[in-house]
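Participant: I'd like to ask some things about the structure below.
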Amino acid sequence: MSRIIVCPLDKIAELSVRHGAREMVSLIAEKQDFHRPAVIAAARHLKLKMNDIGFAGTGTLIAPSEAHVEQLIAFAKDWDQSAPLVVHCWMGVSRSPAAAVIASLSLYPDQDEVELATRLRKVAPHATPNTRLIEIGDRLLQRDGRLVQAIKRIGRGAEMDGRASFVLPVTAQAEIENRAS
């Protein structure tokens, strides 16, 4: 079950139930309130309050920070992987794909960054991972710039109408297992 379900806010309940998820990461602006799906235990719901920006933040905007990424890494490492993890933001395009990549690398640090970025692009042609989250994740996971370069290599995601969801297999092996089942 080493899969991460990445989605927009309006799909969290539907996809949590459909995929049997019990844990969730929310990357959402501070004043955007929502109801946690009942299938997600409150103790296994990480809320990271941030805006989707790539700079340090001004005024009321909260930039992704090192503290946010540290919490994400710790939460991911505590995920038992017996059921999929839901990761969402407002649209499912920037913050949540970045968080999914960081979670995947924190669980399986031997992965190749280029292979992971290519896997992301394959399942999510629309994804444009938040650069600030990726840069912080690269540094905290000691990737020596390789994650930043891999994400730059896949480029900006395709334009899309509305919101899109996708499933990111946590490893290349998980992708093979998902195709076989």
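By convention here, the chains of the structure tokens are called A, B, ... in the order presented, each chain's residues are numbered starting at 1, and ligands are numbered starting at 1 in the order presented.
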List the spatial neighbours of Phe75 of chain A as an MDAnalysis selection string - criterion: any atom at most 12 Å away, only C-alpha atoms, same-chain residues fewer than 3 positions off excluded.

Facilitator: chainID A and resid 23:26 43:48 68:72 78:81 85 87 99:100 102:104 106:107

Participant: Since we have the selection now, will you write its residues out, keeping C-alpha atoms, as a PDB file, in the first residue's frame?

Facilitator:
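As written to disk, out-v1.pdb reads:
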```pdb
ATOM      1  CA  GLU A  23      -3.834   9.377   7.448  1.00  0.00           C
ATOM      2  CA  MET A  24      -3.675  12.784   5.805  1.00  0.00           C
ATOM      3  CA  VAL A  25      -1.423  15.804   5.304  1.00  0.00           C
ATOM      4  CA  SER A  26      -3.079  19.170   4.611  1.00  0.00           C
ATOM      5  CA  ALA A  43      -4.088  12.151  15.601  1.00  0.00           C
ATOM      6  CA  ARG A  44      -3.001  11.105  12.102  1.00  0.00           C
ATOM      7  CA  HIS A  45      -3.873  14.379  10.389  1.00  0.00           C
ATOM      8  CA  LEU A  46      -0.994  16.803   9.925  1.00  0.00           C
ATOM      9  CA  LYS A  47      -2.070  20.378   9.166  1.00  0.00           C
ATOM     10  CA  LEU A  48       0.640  22.572   7.695  1.00  0.00           C
ATOM     11  CA  HIS A  68       6.816  22.767   7.949  1.00  0.00           C
ATOM     12  CA  VAL A  69       9.098  20.377   6.066  1.00  0.00           C
ATOM     13  CA  GLU A  70      10.562  18.956   9.273  1.00  0.00           C
ATOM     14  CA  GLN A  71       7.017  18.159  10.459  1.00  0.00           C
ATOM     15  CA  LEU A  72       6.176  16.603   7.092  1.00  0.00           C
ATOM     16  CA  ASP A  78       5.733   7.605  11.181  1.00  0.00           C
ATOM     17  CA  TRP A  79       3.287   6.469   8.461  1.00  0.00           C
ATOM     18  CA  ASP A  80       3.017   2.671   8.639  1.00  0.00           C
ATOM     19  CA  GLN A  81       2.126   2.393   4.910  1.00  0.00           C
ATOM     20  CA  LEU A  85      -1.614   8.489   2.705  1.00  0.00           C
ATOM     21  CA  VAL A  87      -1.796  14.618   0.769  1.00  0.00           C
ATOM     22  CA  ALA A  99       5.013  17.199  -0.209  1.00  0.00           C
ATOM     23  CA  ALA A 100       4.404  13.788  -1.809  1.00  0.00           C
ATOM     24  CA  ILE A 102       9.465  14.817   0.003  1.00  0.00           C
ATOM     25  CA  ALA A 103       7.501  12.144   1.875  1.00  0.00           C
ATOM     26  CA  SER A 104       8.566   9.503  -0.622  1.00  0.00           C
ATOM     27  CA  SER A 106      12.076  10.575   3.485  1.00  0.00           C
ATOM     28  CA  LEU A 107      10.753   6.997   3.549  1.00  0.00           C
TER      29      LEU A 107
END
```

Participant: Quick one: residues within 10 Å of segment 150-158 of chain A, only C-alpha atoms counted, chain neighbours fewer than 6 positions away excluded, as number ranges by chain?

Facilitator: A: 93-94, 98, 101, 112-118, 120-122, 124-131, 134-135

Participant: So the first atom is atom CA of Arg18 of chain A and the second is atom CA of Leu105 of chain A; what is the distance between them in Å, to one decimal place?

Facilitator: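 Pair atom CA of Arg18 of chain A / atom CA of Leu105 of chain A returns 25.2 Å.
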
Participant: So that I can check the surroundings of Thr60 of chain A, please list as a PyMOL selection string every protein, DNA and RNA residue that reaches within 12 Å of it, counting only C-alpha atoms and ignoring chain neighbours fewer than 2 positions away.

Facilitator: chain A and resi 29-31+49-51+53+56-58+62-63

Participant: Can those selected residues be exported to a file as a compact mmCIF listing (two decimals), in the first residue's frame so that it contains N, CA and C atoms?

Facilitator:
```txt
# COMPACT_ATOMS: atom_id res chain seq x y z
N ALA A 29 -3.75 27.26 3.31
CA ALA A 29 -3.61 28.59 3.92
C ALA A 29 -4.26 28.63 5.30
N GLU A 30 -3.75 29.47 6.15
CA GLU A 30 -4.16 29.53 7.55
C GLU A 30 -5.66 29.65 7.76
N LYS A 31 -6.33 30.48 7.01
CA LYS A 31 -7.75 30.73 7.26
C LYS A 31 -8.68 29.88 6.39
N LYS A 49 0.00 24.90 7.86
CA LYS A 49 -0.61 26.14 7.41
C LYS A 49 0.41 26.98 6.66
N MET A 50 0.17 27.12 5.35
CA MET A 50 1.08 27.87 4.48
C MET A 50 0.36 28.27 3.21
N ASN A 51 0.87 29.30 2.59
CA ASN A 51 0.37 29.72 1.28
C ASN A 51 1.24 29.08 0.20
N ILE A 53 3.42 29.87 -2.08
CA ILE A 53 4.34 30.90 -2.57
C ILE A 53 5.76 30.36 -2.56
N ALA A 56 9.79 34.33 0.71
CA ALA A 56 9.76 34.32 2.17
C ALA A 56 8.44 34.74 2.79
N GLY A 57 7.58 35.36 2.03
CA GLY A 57 6.28 35.77 2.57
C GLY A 57 6.29 37.21 3.03
N THR A 58 5.16 37.86 2.85
CA THR A 58 5.00 39.24 3.29
C THR A 58 3.59 39.40 3.81
N ILE A 62 1.96 33.22 4.46
CA ILE A 62 2.87 32.36 5.20
C ILE A 62 3.59 31.47 4.20
N ALA A 63 4.90 31.63 4.13
CA ALA A 63 5.71 30.83 3.20
C ALA A 63 5.97 29.45 3.78
```

Participant: To one decimal in Å, tell me the separation between atom CA of Ala83 of chain A and atom CA of Gln32 of chain A.

Facilitator: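 Atom CA of Gln32 of chain A lies at a distance of 26.6 Å from atom CA of Ala83 of chain A.
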
Participant: Tell me which of A:His88, A:Lys11, A:Arg119, A:Arg36 sits closest to Pro169 of chain A, counting only C-alpha atoms.

Facilitator: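 Among the listed residues, the smallest separation from Pro169 of chain A belongs to A:Arg119.
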
Participant: Going by DSSP on the backbone, which bits of chain A are helix (DSSP H, G or I)? Write them as an MDAnalysis selection string, please.

Facilitator: chainID A and resid 9:19 42:44 66:78 95:107 113:123 131:140 146:154 172:180

Participant: DSSP says strand (DSSP E) for which residues of segment 22-170 of chain A? Put them as a VMD selection string?

Facilitator: chain A and resid 23 to 28 45 to 49 85 to 89 166 to 169

Participant: Near Leu140 of chain A, within 9 Å and counting only C-alpha atoms, which residues show up once chain neighbours fewer than 2 positions away are dropped, as a ChimeraX atom specification?

Facilitator: /A:66,69-70,73,135-138,142-143

Participant: Please, could you write that set of residues out with N, CA, C and O atoms as a short mmCIF file (atom, residue, chain, number, x, y, z; two decimals), in the first residue's frame?

Facilitator:
```cif
data_model
loop_
_atom_site.label_atom_id
_atom_site.label_comp_id
_atom_site.auth_asym_id
_atom_site.auth_seq_id
_atom_site.Cartn_x
_atom_site.Cartn_y
_atom_site.Cartn_z
N GLU A 66 11.16 25.71 6.92
CA GLU A 66 11.90 24.54 7.35
C GLU A 66 11.11 23.76 8.40
O GLU A 66 11.07 22.52 8.38
N VAL A 69 8.52 21.56 6.72
CA VAL A 69 9.10 20.38 6.07
C VAL A 69 9.61 19.38 7.11
O VAL A 69 9.47 18.16 6.92
N GLU A 70 10.15 19.87 8.20
CA GLU A 70 10.56 18.96 9.27
C GLU A 70 9.37 18.16 9.80
O GLU A 70 9.47 16.95 10.04
N ILE A 73 8.36 15.52 7.17
CA ILE A 73 9.28 14.38 7.16
C ILE A 73 9.02 13.47 8.35
O ILE A 73 8.94 12.24 8.20
N GLU A 135 13.10 22.95 -2.43
CA GLU A 135 14.44 23.41 -2.00
C GLU A 135 14.70 23.07 -0.54
O GLU A 135 15.79 22.60 -0.19
N ILE A 136 13.71 23.29 0.31
CA ILE A 136 13.88 22.98 1.74
C ILE A 136 14.00 21.47 1.93
O ILE A 136 14.86 20.99 2.68
N GLY A 137 13.15 20.71 1.25
CA GLY A 137 13.22 19.26 1.33
C GLY A 137 14.56 18.73 0.86
O GLY A 137 15.15 17.83 1.49
N ASP A 138 15.06 19.28 -0.22
CA ASP A 138 16.38 18.88 -0.74
C ASP A 138 17.45 19.07 0.34
O ASP A 138 18.26 18.17 0.59
N GLN A 142 19.25 16.11 2.67
CA GLN A 142 20.66 16.03 2.24
C GLN A 142 20.80 15.45 0.83
O GLN A 142 21.58 14.55 0.59
N ARG A 143 20.03 16.03 -0.09
CA ARG A 143 20.06 15.58 -1.48
C ARG A 143 21.08 16.34 -2.32
O ARG A 143 21.25 16.05 -3.50
#
```

Participant: Which one is closest to Ala172 of chain A: A:Asp110, A:Val17, A:Cys7, A:Leu147? Count only C-alpha atoms.

Facilitator: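 The shortest atom-to-atom distance to Ala172 of chain A comes from A:Asp110.
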
Participant: Name all residues at most 7 Å from Leu168 of chain A (count only C-alpha atoms; drop same-chain ones fewer than 6 positions away) and give them as a VMD selection string.

Facilitator: chain A and resid 3 to 5 120 123

Participant: Expressed in Å to a single decimal, how great is the separation between atom CA of Ile28 of chain A and atom CA of Ser65 of chain A?

Facilitator: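 Rounded to one decimal, the two atoms are 13.2 Å apart.
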
Participant: With distances taken over only C-alpha atoms, which of A:Pro64, A:Pro37, A:Gly20, A:Pro109 is nearest to Ser96 of chain A?

Facilitator: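 Looking at the shortest contact to Ser96 of chain A, the residue is A:Pro64.
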